[in-house]
$ cat my_file.pdb   # PDB, N, CA and C atoms, pLDDT in the B column
MODEL        1
ATOM      1  N   MET A  11      23.737  -7.945  28.950  1.00 57.00           N
ATOM      2  CA  MET A  11      22.643  -8.123  28.019  1.00 57.00           C
ATOM      3  C   MET A  11      23.020  -7.499  26.686  1.00 57.00           C
ATOM      4  N   GLU A  12      22.886  -8.266  25.638  1.00 59.00           N
ATOM      5  CA  GLU A  12      23.282  -7.821  24.313  1.00 59.00           C
ATOM      6  C   GLU A  12      22.108  -7.175  23.608  1.00 59.00           C
ATOM      7  N   THR A  13      22.374  -6.054  22.946  1.00 63.00           N
ATOM      8  CA  THR A  13      21.310  -5.385  22.194  1.00 63.00           C
ATOM      9  C   THR A  13      21.140  -6.081  20.849  1.00 63.00           C
ATOM     10  N   PRO A  14      19.904  -6.254  20.394  1.00 66.00           N
ATOM     11  CA  PRO A  14      19.685  -6.921  19.110  1.00 66.00           C
ATOM     12  C   PRO A  14      20.131  -6.030  17.959  1.00 66.00           C
ATOM     13  N   LYS A  15      20.737  -6.636  16.940  1.00 78.00           N
ATOM     14  CA  LYS A  15      21.168  -5.887  15.774  1.00 78.00           C
ATOM     15  C   LYS A  15      20.000  -5.753  14.794  1.00 78.00           C
ATOM     16  N   THR A  16      20.044  -4.680  14.043  1.00 80.00           N
ATOM     17  CA  THR A  16      18.980  -4.468  13.058  1.00 80.00           C
ATOM     18  C   THR A  16      19.317  -5.221  11.779  1.00 80.00           C
ATOM     19  N   ASP A  17      18.283  -5.693  11.139  1.00 81.00           N
ATOM     20  CA  ASP A  17      18.430  -6.391   9.863  1.00 81.00           C
ATOM     21  C   ASP A  17      18.143  -5.391   8.749  1.00 81.00           C
ATOM     22  N   LYS A  18      19.195  -4.896   8.113  1.00 87.00           N
ATOM     23  CA  LYS A  18      19.042  -3.819   7.139  1.00 87.00           C
ATOM     24  C   LYS A  18      18.309  -4.265   5.876  1.00 87.00           C
ATOM     25  N   THR A  19      18.422  -5.531   5.512  1.00 90.00           N
ATOM     26  CA  THR A  19      17.710  -5.981   4.317  1.00 90.00           C
ATOM     27  C   THR A  19      16.208  -6.008   4.557  1.00 90.00           C
ATOM     28  N   ARG A  20      15.794  -6.389   5.761  1.00 91.00           N
ATOM     29  CA  ARG A  20      14.357  -6.355   6.086  1.00 91.00           C
ATOM     30  C   ARG A  20      13.833  -4.934   6.103  1.00 91.00           C
ATOM     31  N   ILE A  21      14.604  -4.023   6.662  1.00 91.00           N
ATOM     32  CA  ILE A  21      14.180  -2.625   6.696  1.00 91.00           C
ATOM     33  C   ILE A  21      14.055  -2.087   5.278  1.00 91.00           C
ATOM     34  N   TYR A  22      15.008  -2.438   4.417  1.00 95.00           N
ATOM     35  CA  TYR A  22      14.983  -1.991   3.025  1.00 95.00           C
ATOM     36  C   TYR A  22      13.767  -2.558   2.290  1.00 95.00           C
ATOM     37  N   LYS A  23      13.445  -3.833   2.520  1.00 94.00           N
ATOM     38  CA  LYS A  23      12.269  -4.426   1.881  1.00 94.00           C
ATOM     39  C   LYS A  23      10.982  -3.758   2.372  1.00 94.00           C
ATOM     40  N   GLY A  24      10.936  -3.426   3.657  1.00 94.00           N
ATOM     41  CA  GLY A  24       9.775  -2.725   4.192  1.00 94.00           C
ATOM     42  C   GLY A  24       9.619  -1.348   3.582  1.00 94.00           C
ATOM     43  N   LEU A  25      10.739  -0.647   3.421  1.00 95.00           N
ATOM     44  CA  LEU A  25      10.693   0.669   2.784  1.00 95.00           C
ATOM     45  C   LEU A  25      10.255   0.571   1.331  1.00 95.00           C
ATOM     46  N   GLN A  26      10.693  -0.470   0.635  1.00 96.00           N
ATOM     47  CA  GLN A  26      10.262  -0.663  -0.751  1.00 96.00           C
ATOM     48  C   GLN A  26       8.746  -0.818  -0.830  1.00 96.00           C
ATOM     49  N   LYS A  27       8.184  -1.611   0.070  1.00 96.00           N
ATOM     50  CA  LYS A  27       6.729  -1.807   0.065  1.00 96.00           C
ATOM     51  C   LYS A  27       6.003  -0.503   0.354  1.00 96.00           C
ATOM     52  N   ILE A  28       6.529   0.269   1.289  1.00 96.00           N
ATOM     53  CA  ILE A  28       5.884   1.537   1.634  1.00 96.00           C
ATOM     54  C   ILE A  28       5.988   2.516   0.476  1.00 96.00           C
ATOM     55  N   PHE A  29       7.140   2.555  -0.204  1.00 97.00           N
ATOM     56  CA  PHE A  29       7.297   3.468  -1.332  1.00 97.00           C
ATOM     57  C   PHE A  29       6.444   3.064  -2.526  1.00 97.00           C
ATOM     58  N   ILE A  30       6.092   1.812  -2.642  1.00 96.00           N
ATOM     59  CA  ILE A  30       5.144   1.392  -3.677  1.00 96.00           C
ATOM     60  C   ILE A  30       3.724   1.764  -3.269  1.00 96.00           C
ATOM     61  N   ALA A  31       3.432   1.681  -1.973  1.00 97.00           N
ATOM     62  CA  ALA A  31       2.075   1.950  -1.490  1.00 97.00           C
ATOM     63  C   ALA A  31       1.710   3.428  -1.555  1.00 97.00           C
ATOM     64  N   ILE A  32       2.679   4.307  -1.385  1.00 96.00           N
ATOM     65  CA  ILE A  32       2.371   5.741  -1.343  1.00 96.00           C
ATOM     66  C   ILE A  32       1.746   6.245  -2.647  1.00 96.00           C
ATOM     67  N   PRO A  33       2.310   5.951  -3.832  1.00 97.00           N
ATOM     68  CA  PRO A  33       1.617   6.417  -5.047  1.00 97.00           C
ATOM     69  C   PRO A  33       0.246   5.769  -5.248  1.00 97.00           C
ATOM     70  N   LEU A  34       0.131   4.504  -4.818  1.00 96.00           N
ATOM     71  CA  LEU A  34      -1.166   3.836  -4.953  1.00 96.00           C
ATOM     72  C   LEU A  34      -2.221   4.488  -4.067  1.00 96.00           C
ATOM     73  N   MET A  35      -1.798   5.096  -2.960  1.00 96.00           N
ATOM     74  CA  MET A  35      -2.743   5.795  -2.086  1.00 96.00           C
ATOM     75  C   MET A  35      -3.324   7.033  -2.754  1.00 96.00           C
ATOM     76  N   PHE A  36      -2.636   7.556  -3.739  1.00 97.00           N
ATOM     77  CA  PHE A  36      -3.158   8.695  -4.488  1.00 97.00           C
ATOM     78  C   PHE A  36      -3.908   8.255  -5.741  1.00 97.00           C
ATOM     79  N   VAL A  37      -3.434   7.202  -6.379  1.00 97.00           N
ATOM     80  CA  VAL A  37      -4.050   6.743  -7.631  1.00 97.00           C
ATOM     81  C   VAL A  37      -5.441   6.162  -7.382  1.00 97.00           C
ATOM     82  N   GLY A  38      -5.598   5.387  -6.304  1.00 97.00           N
ATOM     83  CA  GLY A  38      -6.884   4.763  -6.007  1.00 97.00           C
ATOM     84  C   GLY A  38      -8.029   5.757  -5.858  1.00 97.00           C
ATOM     85  N   PRO A  39      -7.887   6.772  -4.992  1.00 97.00           N
ATOM     86  CA  PRO A  39      -8.973   7.761  -4.881  1.00 97.00           C
ATOM     87  C   PRO A  39      -9.214   8.568  -6.151  1.00 97.00           C
ATOM     88  N   ILE A  40      -8.164   8.798  -6.940  1.00 97.00           N
ATOM     89  CA  ILE A  40      -8.356   9.516  -8.200  1.00 97.00           C
ATOM     90  C   ILE A  40      -9.221   8.677  -9.139  1.00 97.00           C
ATOM     91  N   ILE A  41      -8.968   7.372  -9.201  1.00 96.00           N
ATOM     92  CA  ILE A  41      -9.779   6.496 -10.056  1.00 96.00           C
ATOM     93  C   ILE A  41     -11.214   6.426  -9.540  1.00 96.00           C
ATOM     94  N   ILE A  42     -11.387   6.348  -8.230  1.00 96.00           N
ATOM     95  CA  ILE A  42     -12.741   6.321  -7.657  1.00 96.00           C
ATOM     96  C   ILE A  42     -13.476   7.615  -7.986  1.00 96.00           C
ATOM     97  N   ASN A  43     -12.785   8.748  -7.855  1.00 96.00           N
ATOM     98  CA  ASN A  43     -13.409  10.036  -8.154  1.00 96.00           C
ATOM     99  C   ASN A  43     -13.805  10.134  -9.621  1.00 96.00           C
ATOM    100  N   SER A  44     -12.947   9.654 -10.503  1.00 95.00           N
ATOM    101  CA  SER A  44     -13.284   9.721 -11.929  1.00 95.00           C
ATOM    102  C   SER A  44     -14.449   8.796 -12.261  1.00 95.00           C
ATOM    103  N   SER A  45     -14.572   7.688 -11.541  1.00 94.00           N
ATOM    104  CA  SER A  45     -15.721   6.819 -11.803  1.00 94.00           C
ATOM    105  C   SER A  45     -17.018   7.466 -11.313  1.00 94.00           C
ATOM    106  N   PHE A  46     -16.963   8.205 -10.212  1.00 94.00           N
ATOM    107  CA  PHE A  46     -18.161   8.888  -9.726  1.00 94.00           C
ATOM    108  C   PHE A  46     -18.580  10.016 -10.663  1.00 94.00           C
ATOM    109  N   LYS A  47     -17.649  10.577 -11.391  1.00 94.00           N
ATOM    110  CA  LYS A  47     -17.995  11.638 -12.345  1.00 94.00           C
ATOM    111  C   LYS A  47     -18.681  11.079 -13.586  1.00 94.00           C
ATOM    112  N   ASN A  48     -18.495   9.790 -13.861  1.00 90.00           N
ATOM    113  CA  ASN A  48     -19.062   9.167 -15.063  1.00 90.00           C
ATOM    114  C   ASN A  48     -20.020   8.040 -14.688  1.00 90.00           C
ATOM    115  N   LYS A  49     -21.034   8.360 -13.911  1.00 90.00           N
ATOM    116  CA  LYS A  49     -21.962   7.328 -13.440  1.00 90.00           C
ATOM    117  C   LYS A  49     -22.781   6.698 -14.559  1.00 90.00           C
ATOM    118  N   GLU A  50     -23.007   7.415 -15.624  1.00 92.00           N
ATOM    119  CA  GLU A  50     -23.839   6.870 -16.695  1.00 92.00           C
ATOM    120  C   GLU A  50     -23.031   6.080 -17.719  1.00 92.00           C
ATOM    121  N   HIS A  51     -21.724   6.000 -17.536  1.00 90.00           N
ATOM    122  CA  HIS A  51     -20.868   5.270 -18.474  1.00 90.00           C
ATOM    123  C   HIS A  51     -21.002   3.762 -18.259  1.00 90.00           C
ATOM    124  N   LEU A  52     -20.728   3.006 -19.313  1.00 92.00           N
ATOM    125  CA  LEU A  52     -20.846   1.556 -19.273  1.00 92.00           C
ATOM    126  C   LEU A  52     -19.859   0.920 -18.281  1.00 92.00           C
ATOM    127  N   LEU A  53     -18.679   1.480 -18.164  1.00 91.00           N
ATOM    128  CA  LEU A  53     -17.638   0.908 -17.303  1.00 91.00           C
ATOM    129  C   LEU A  53     -17.602   1.522 -15.908  1.00 91.00           C
ATOM    130  N   TYR A  54     -18.717   2.065 -15.446  1.00 93.00           N
ATOM    131  CA  TYR A  54     -18.760   2.703 -14.121  1.00 93.00           C
ATOM    132  C   TYR A  54     -18.386   1.725 -13.014  1.00 93.00           C
ATOM    133  N   TYR A  55     -19.048   0.583 -12.966  1.00 94.00           N
ATOM    134  CA  TYR A  55     -18.794  -0.367 -11.885  1.00 94.00           C
ATOM    135  C   TYR A  55     -17.411  -1.019 -11.951  1.00 94.00           C
ATOM    136  N   PRO A  56     -16.926  -1.436 -13.127  1.00 95.00           N
ATOM    137  CA  PRO A  56     -15.562  -1.993 -13.147  1.00 95.00           C
ATOM    138  C   PRO A  56     -14.489  -0.990 -12.728  1.00 95.00           C
ATOM    139  N   VAL A  57     -14.643   0.273 -13.129  1.00 95.00           N
ATOM    140  CA  VAL A  57     -13.657   1.284 -12.745  1.00 95.00           C
ATOM    141  C   VAL A  57     -13.753   1.571 -11.252  1.00 95.00           C
ATOM    142  N   LEU A  58     -14.953   1.605 -10.708  1.00 95.00           N
ATOM    143  CA  LEU A  58     -15.131   1.818  -9.275  1.00 95.00           C
ATOM    144  C   LEU A  58     -14.523   0.665  -8.479  1.00 95.00           C
ATOM    145  N   ILE A  59     -14.741  -0.544  -8.914  1.00 97.00           N
ATOM    146  CA  ILE A  59     -14.174  -1.715  -8.235  1.00 97.00           C
ATOM    147  C   ILE A  59     -12.656  -1.697  -8.331  1.00 97.00           C
ATOM    148  N   LEU A  60     -12.124  -1.316  -9.491  1.00 97.00           N
ATOM    149  CA  LEU A  60     -10.677  -1.221  -9.657  1.00 97.00           C
ATOM    150  C   LEU A  60     -10.074  -0.196  -8.695  1.00 97.00           C
ATOM    151  N   GLY A  61     -10.714   0.950  -8.565  1.00 97.00           N
ATOM    152  CA  GLY A  61     -10.235   1.979  -7.640  1.00 97.00           C
ATOM    153  C   GLY A  61     -10.260   1.507  -6.196  1.00 97.00           C
ATOM    154  N   CYS A  62     -11.319   0.802  -5.822  1.00 97.00           N
ATOM    155  CA  CYS A  62     -11.409   0.281  -4.456  1.00 97.00           C
ATOM    156  C   CYS A  62     -10.353  -0.791  -4.203  1.00 97.00           C
ATOM    157  N   LEU A  63     -10.111  -1.635  -5.195  1.00 98.00           N
ATOM    158  CA  LEU A  63      -9.076  -2.665  -5.037  1.00 98.00           C
ATOM    159  C   LEU A  63      -7.684  -2.053  -4.925  1.00 98.00           C
ATOM    160  N   ILE A  64      -7.427  -0.999  -5.672  1.00 97.00           N
ATOM    161  CA  ILE A  64      -6.135  -0.329  -5.574  1.00 97.00           C
ATOM    162  C   ILE A  64      -5.962   0.297  -4.197  1.00 97.00           C
ATOM    163  N   CYS A  65      -7.027   0.898  -3.653  1.00 97.00           N
ATOM    164  CA  CYS A  65      -6.949   1.475  -2.305  1.00 97.00           C
ATOM    165  C   CYS A  65      -6.699   0.384  -1.260  1.00 97.00           C
ATOM    166  N   LEU A  66      -7.395  -0.724  -1.370  1.00 97.00           N
ATOM    167  CA  LEU A  66      -7.194  -1.811  -0.415  1.00 97.00           C
ATOM    168  C   LEU A  66      -5.791  -2.392  -0.520  1.00 97.00           C
ATOM    169  N   TYR A  67      -5.284  -2.538  -1.748  1.00 97.00           N
ATOM    170  CA  TYR A  67      -3.936  -3.060  -1.936  1.00 97.00           C
ATOM    171  C   TYR A  67      -2.887  -2.098  -1.376  1.00 97.00           C
ATOM    172  N   ALA A  68      -3.126  -0.796  -1.510  1.00 97.00           N
ATOM    173  CA  ALA A  68      -2.206   0.195  -0.955  1.00 97.00           C
ATOM    174  C   ALA A  68      -2.161   0.106   0.563  1.00 97.00           C
ATOM    175  N   MET A  69      -3.325  -0.055   1.185  1.00 97.00           N
ATOM    176  CA  MET A  69      -3.356  -0.199   2.644  1.00 97.00           C
ATOM    177  C   MET A  69      -2.645  -1.476   3.077  1.00 97.00           C
ATOM    178  N   TYR A  70      -2.889  -2.563   2.350  1.00 97.00           N
ATOM    179  CA  TYR A  70      -2.238  -3.830   2.665  1.00 97.00           C
ATOM    180  C   TYR A  70      -0.716  -3.702   2.541  1.00 97.00           C
ATOM    181  N   LEU A  71      -0.241  -3.109   1.438  1.00 97.00           N
ATOM    182  CA  LEU A  71       1.198  -2.956   1.246  1.00 97.00           C
ATOM    183  C   LEU A  71       1.819  -2.063   2.321  1.00 97.00           C
ATOM    184  N   PHE A  72       1.125  -0.992   2.686  1.00 97.00           N
ATOM    185  CA  PHE A  72       1.661  -0.081   3.690  1.00 97.00           C
ATOM    186  C   PHE A  72       1.841  -0.783   5.029  1.00 97.00           C
ATOM    187  N   PHE A  73       0.807  -1.484   5.485  1.00 97.00           N
ATOM    188  CA  PHE A  73       0.908  -2.140   6.783  1.00 97.00           C
ATOM    189  C   PHE A  73       1.862  -3.329   6.744  1.00 97.00           C
ATOM    190  N   LYS A  74       1.927  -4.022   5.619  1.00 97.00           N
ATOM    191  CA  LYS A  74       2.880  -5.121   5.470  1.00 97.00           C
ATOM    192  C   LYS A  74       4.310  -4.577   5.502  1.00 97.00           C
ATOM    193  N   GLY A  75       4.540  -3.460   4.825  1.00 96.00           N
ATOM    194  CA  GLY A  75       5.859  -2.835   4.839  1.00 96.00           C
ATOM    195  C   GLY A  75       6.233  -2.325   6.211  1.00 96.00           C
ATOM    196  N   LEU A  76       5.269  -1.753   6.914  1.00 96.00           N
ATOM    197  CA  LEU A  76       5.523  -1.273   8.266  1.00 96.00           C
ATOM    198  C   LEU A  76       5.866  -2.422   9.207  1.00 96.00           C
ATOM    199  N   LYS A  77       5.144  -3.526   9.066  1.00 95.00           N
ATOM    200  CA  LYS A  77       5.422  -4.698   9.900  1.00 95.00           C
ATOM    201  C   LYS A  77       6.804  -5.265   9.582  1.00 95.00           C
ATOM    202  N   THR A  78       7.166  -5.297   8.301  1.00 94.00           N
ATOM    203  CA  THR A  78       8.482  -5.795   7.906  1.00 94.00           C
ATOM    204  C   THR A  78       9.585  -4.900   8.464  1.00 94.00           C
ATOM    205  N   MET A  79       9.366  -3.586   8.442  1.00 93.00           N
ATOM    206  CA  MET A  79      10.361  -2.677   9.002  1.00 93.00           C
ATOM    207  C   MET A  79      10.517  -2.861  10.503  1.00 93.00           C
ATOM    208  N   VAL A  80       9.419  -2.991  11.209  1.00 92.00           N
ATOM    209  CA  VAL A  80       9.484  -3.175  12.662  1.00 92.00           C
ATOM    210  C   VAL A  80      10.173  -4.498  12.999  1.00 92.00           C
ATOM    211  N   ASN A  81       9.865  -5.532  12.234  1.00 91.00           N
ATOM    212  CA  ASN A  81      10.549  -6.820  12.466  1.00 91.00           C
ATOM    213  C   ASN A  81      12.039  -6.713  12.180  1.00 91.00           C
ATOM    214  N   GLY A  82      12.416  -5.910  11.206  1.00 90.00           N
ATOM    215  CA  GLY A  82      13.821  -5.705  10.911  1.00 90.00           C
ATOM    216  C   GLY A  82      14.525  -4.876  11.974  1.00 90.00           C
ATOM    217  N   LEU A  83      13.800  -3.906  12.535  1.00 88.00           N
ATOM    218  CA  LEU A  83      14.407  -3.079  13.582  1.00 88.00           C
ATOM    219  C   LEU A  83      14.633  -3.862  14.872  1.00 88.00           C
ATOM    220  N   PHE A  84      13.652  -4.646  15.260  1.00 86.00           N
ATOM    221  CA  PHE A  84      13.741  -5.357  16.529  1.00 86.00           C
ATOM    222  C   PHE A  84      14.190  -6.806  16.368  1.00 86.00           C
ATOM    223  N   ASN A  85      14.460  -7.213  15.120  1.00 79.00           N
ATOM    224  CA  ASN A  85      14.996  -8.544  14.813  1.00 79.00           C
ATOM    225  C   ASN A  85      14.145  -9.675  15.381  1.00 79.00           C
ATOM    226  N   ASP A  86      12.854  -9.607  15.091  1.00 66.00           N
ATOM    227  CA  ASP A  86      11.926 -10.654  15.574  1.00 66.00           C
ATOM    228  C   ASP A  86      11.923 -11.839  14.641  1.00 66.00           C
TER
ENDMDL
END
$ encode --input "my_file.pdb" --output "structure tokens"
Amino acid sequence: METPKTDKTRIYKGLQKIFIAIPLMFVGPIIINSSFKNKEHLLYYPVLILGCLICLYAMYLFFKGLKTMVNGLFND
């Protein structure tokens, strides 16, 4: 029985996605927090929505990168 070889380019692409997601995981909550501090400002809702979208995109990128890495490791 032959062991499957790892696909290093897939692993590298997965790591790239994860490394992009990590800073976004910090930026999103910071933007949300700053919007909560300025509730009476005109741009409260757009900034809050932007922060939530950045958090959701960070989660999406992280799990997509993790899936890409696992597929590269097990060569699916």
$ atom_distance --input "my_file.pdb" --atom1 "atom C of Ser44 of chain A" --atom2 "atom N of Ala31 of chain A"
21.8 Å
$ closest_atom_pairs --input "my_file.pdb" --of "segment 23-55 of chain A" --to "segment 64-82 of chain A" --cutoff "5 Å" --atoms "only N, CA and C atoms" --output "JSON lines"
{"residue": "A:Gly24", "atom": "CA", "partner": "A:Gly75", "partner_atom": "CA", "distance": 4.0}
{"residue": "A:Lys27", "atom": "C", "partner": "A:Leu71", "partner_atom": "C", "distance": 4.9}
{"residue": "A:Ile28", "atom": "N", "partner": "A:Gly75", "partner_atom": "CA", "distance": 4.8}
{"residue": "A:Ala31", "atom": "CA", "partner": "A:Ala68", "partner_atom": "CA", "distance": 4.7}
{"residue": "A:Gly38", "atom": "CA", "partner": "A:Cys65", "partner_atom": "N", "distance": 4.5}
$ residues_around --input "my_file.pdb" --residues "Val37 of chain A" --least-positions-apart "5" --cutoff "6.5 Å" --atoms "all atoms listed in the file" --output "list in words"
Ile32, Ile42 and Gly61 of chain A
$ select_by_dssp --input "my_file.pdb" --residues "chain A" --states "alpha helix (DSSP H)" --output "PyMOL selection string"
chain A and resi 18-47+54-84
$ axis_aligned_box --input "my_file.pdb" --around "segment 68-77 of chain A" --padding-each-side "8 Å" --output "JSON"
{"center_x": 1.7, "center_y": -2.5, "center_z": 4.2, "size_x": 26.2, "size_y": 21.5, "size_z": 27.4}
$ closest_residue --input "my_file.pdb" --among "A:Tyr22, A:Phe84, A:Phe29, A:Phe46" --to "Leu58 of chain A" --atoms "only C-alpha atoms"
A:Phe46
$ closest_residue --input "my_file.pdb" --among "A:Leu53, A:Ile59, A:Leu34, A:Leu83" --to "Lys18 of chain A" --atoms "only N, CA and C atoms"
A:Leu83
$ residues_around --input "my_file.pdb" --residues "Tyr54 of chain A" --least-positions-apart "5" --cutoff "7 Å" --atoms "only C-alpha atoms" --output "VMD selection string"
chain A and resid 45 48 to 49
$ atom_distance --input "my_file.pdb" --atom1 "atom N of His51 of chain A" --atom2 "atom N of Pro39 of chain A"
18.7 Å
$ atom_distance --input "my_file.pdb" --atom1 "atom CA of Cys62 of chain A" --atom2 "atom CA of Ile41 of chain A"
8.5 Å
$ build_atoms --input "my_file.pdb" --residues "segment 58-69 of chain A" --atoms "N, CA, C and O atoms" --output "PDB file, in the frame of the given file"
ATOM      1  N   LEU A  58     -14.953   1.605 -10.708  1.00 95.00           N
ATOM      2  CA  LEU A  58     -15.131   1.818  -9.275  1.00 95.00           C
ATOM      3  C   LEU A  58     -14.523   0.665  -8.479  1.00 95.00           C
ATOM      4  O   LEU A  58     -13.828   0.891  -7.479  1.00 95.00           O
ATOM      5  N   ILE A  59     -14.741  -0.544  -8.914  1.00 97.00           N
ATOM      6  CA  ILE A  59     -14.174  -1.715  -8.235  1.00 97.00           C
ATOM      7  C   ILE A  59     -12.656  -1.697  -8.331  1.00 97.00           C
ATOM      8  O   ILE A  59     -11.953  -1.995  -7.353  1.00 97.00           O
ATOM      9  N   LEU A  60     -12.124  -1.316  -9.491  1.00 97.00           N
ATOM     10  CA  LEU A  60     -10.677  -1.221  -9.657  1.00 97.00           C
ATOM     11  C   LEU A  60     -10.074  -0.196  -8.695  1.00 97.00           C
ATOM     12  O   LEU A  60      -9.048  -0.453  -8.062  1.00 97.00           O
ATOM     13  N   GLY A  61     -10.714   0.950  -8.565  1.00 97.00           N
ATOM     14  CA  GLY A  61     -10.235   1.979  -7.640  1.00 97.00           C
ATOM     15  C   GLY A  61     -10.260   1.507  -6.196  1.00 97.00           C
ATOM     16  O   GLY A  61      -9.325   1.755  -5.440  1.00 97.00           O
ATOM     17  N   CYS A  62     -11.319   0.802  -5.822  1.00 97.00           N
ATOM     18  CA  CYS A  62     -11.409   0.281  -4.456  1.00 97.00           C
ATOM     19  C   CYS A  62     -10.353  -0.791  -4.203  1.00 97.00           C
ATOM     20  O   CYS A  62      -9.749  -0.835  -3.119  1.00 97.00           O
ATOM     21  N   LEU A  63     -10.111  -1.635  -5.195  1.00 98.00           N
ATOM     22  CA  LEU A  63      -9.076  -2.665  -5.037  1.00 98.00           C
ATOM     23  C   LEU A  63      -7.684  -2.053  -4.925  1.00 98.00           C
ATOM     24  O   LEU A  63      -6.858  -2.533  -4.133  1.00 98.00           O
ATOM     25  N   ILE A  64      -7.427  -0.999  -5.672  1.00 97.00           N
ATOM     26  CA  ILE A  64      -6.135  -0.329  -5.574  1.00 97.00           C
ATOM     27  C   ILE A  64      -5.962   0.297  -4.197  1.00 97.00           C
ATOM     28  O   ILE A  64      -4.886   0.212  -3.588  1.00 97.00           O
ATOM     29  N   CYS A  65      -7.027   0.898  -3.653  1.00 97.00           N
ATOM     30  CA  CYS A  65      -6.949   1.475  -2.305  1.00 97.00           C
ATOM     31  C   CYS A  65      -6.699   0.384  -1.260  1.00 97.00           C
ATOM     32  O   CYS A  65      -5.867   0.569  -0.358  1.00 97.00           O
ATOM     33  N   LEU A  66      -7.395  -0.724  -1.370  1.00 97.00           N
ATOM     34  CA  LEU A  66      -7.194  -1.811  -0.415  1.00 97.00           C
ATOM     35  C   LEU A  66      -5.791  -2.392  -0.520  1.00 97.00           C
ATOM     36  O   LEU A  66      -5.152  -2.694   0.496  1.00 97.00           O
ATOM     37  N   TYR A  67      -5.284  -2.538  -1.748  1.00 97.00           N
ATOM     38  CA  TYR A  67      -3.936  -3.060  -1.936  1.00 97.00           C
ATOM     39  C   TYR A  67      -2.887  -2.098  -1.376  1.00 97.00           C
ATOM     40  O   TYR A  67      -1.884  -2.525  -0.803  1.00 97.00           O
ATOM     41  N   ALA A  68      -3.126  -0.796  -1.510  1.00 97.00           N
ATOM     42  CA  ALA A  68      -2.206   0.195  -0.955  1.00 97.00           C
ATOM     43  C   ALA A  68      -2.161   0.106   0.563  1.00 97.00           C
ATOM     44  O   ALA A  68      -1.083   0.166   1.163  1.00 97.00           O
ATOM     45  N   MET A  69      -3.325  -0.055   1.185  1.00 97.00           N
ATOM     46  CA  MET A  69      -3.356  -0.199   2.644  1.00 97.00           C
ATOM     47  C   MET A  69      -2.645  -1.476   3.077  1.00 97.00           C
ATOM     48  O   MET A  69      -1.882  -1.484   4.051  1.00 97.00           O
TER      49      MET A  69
END
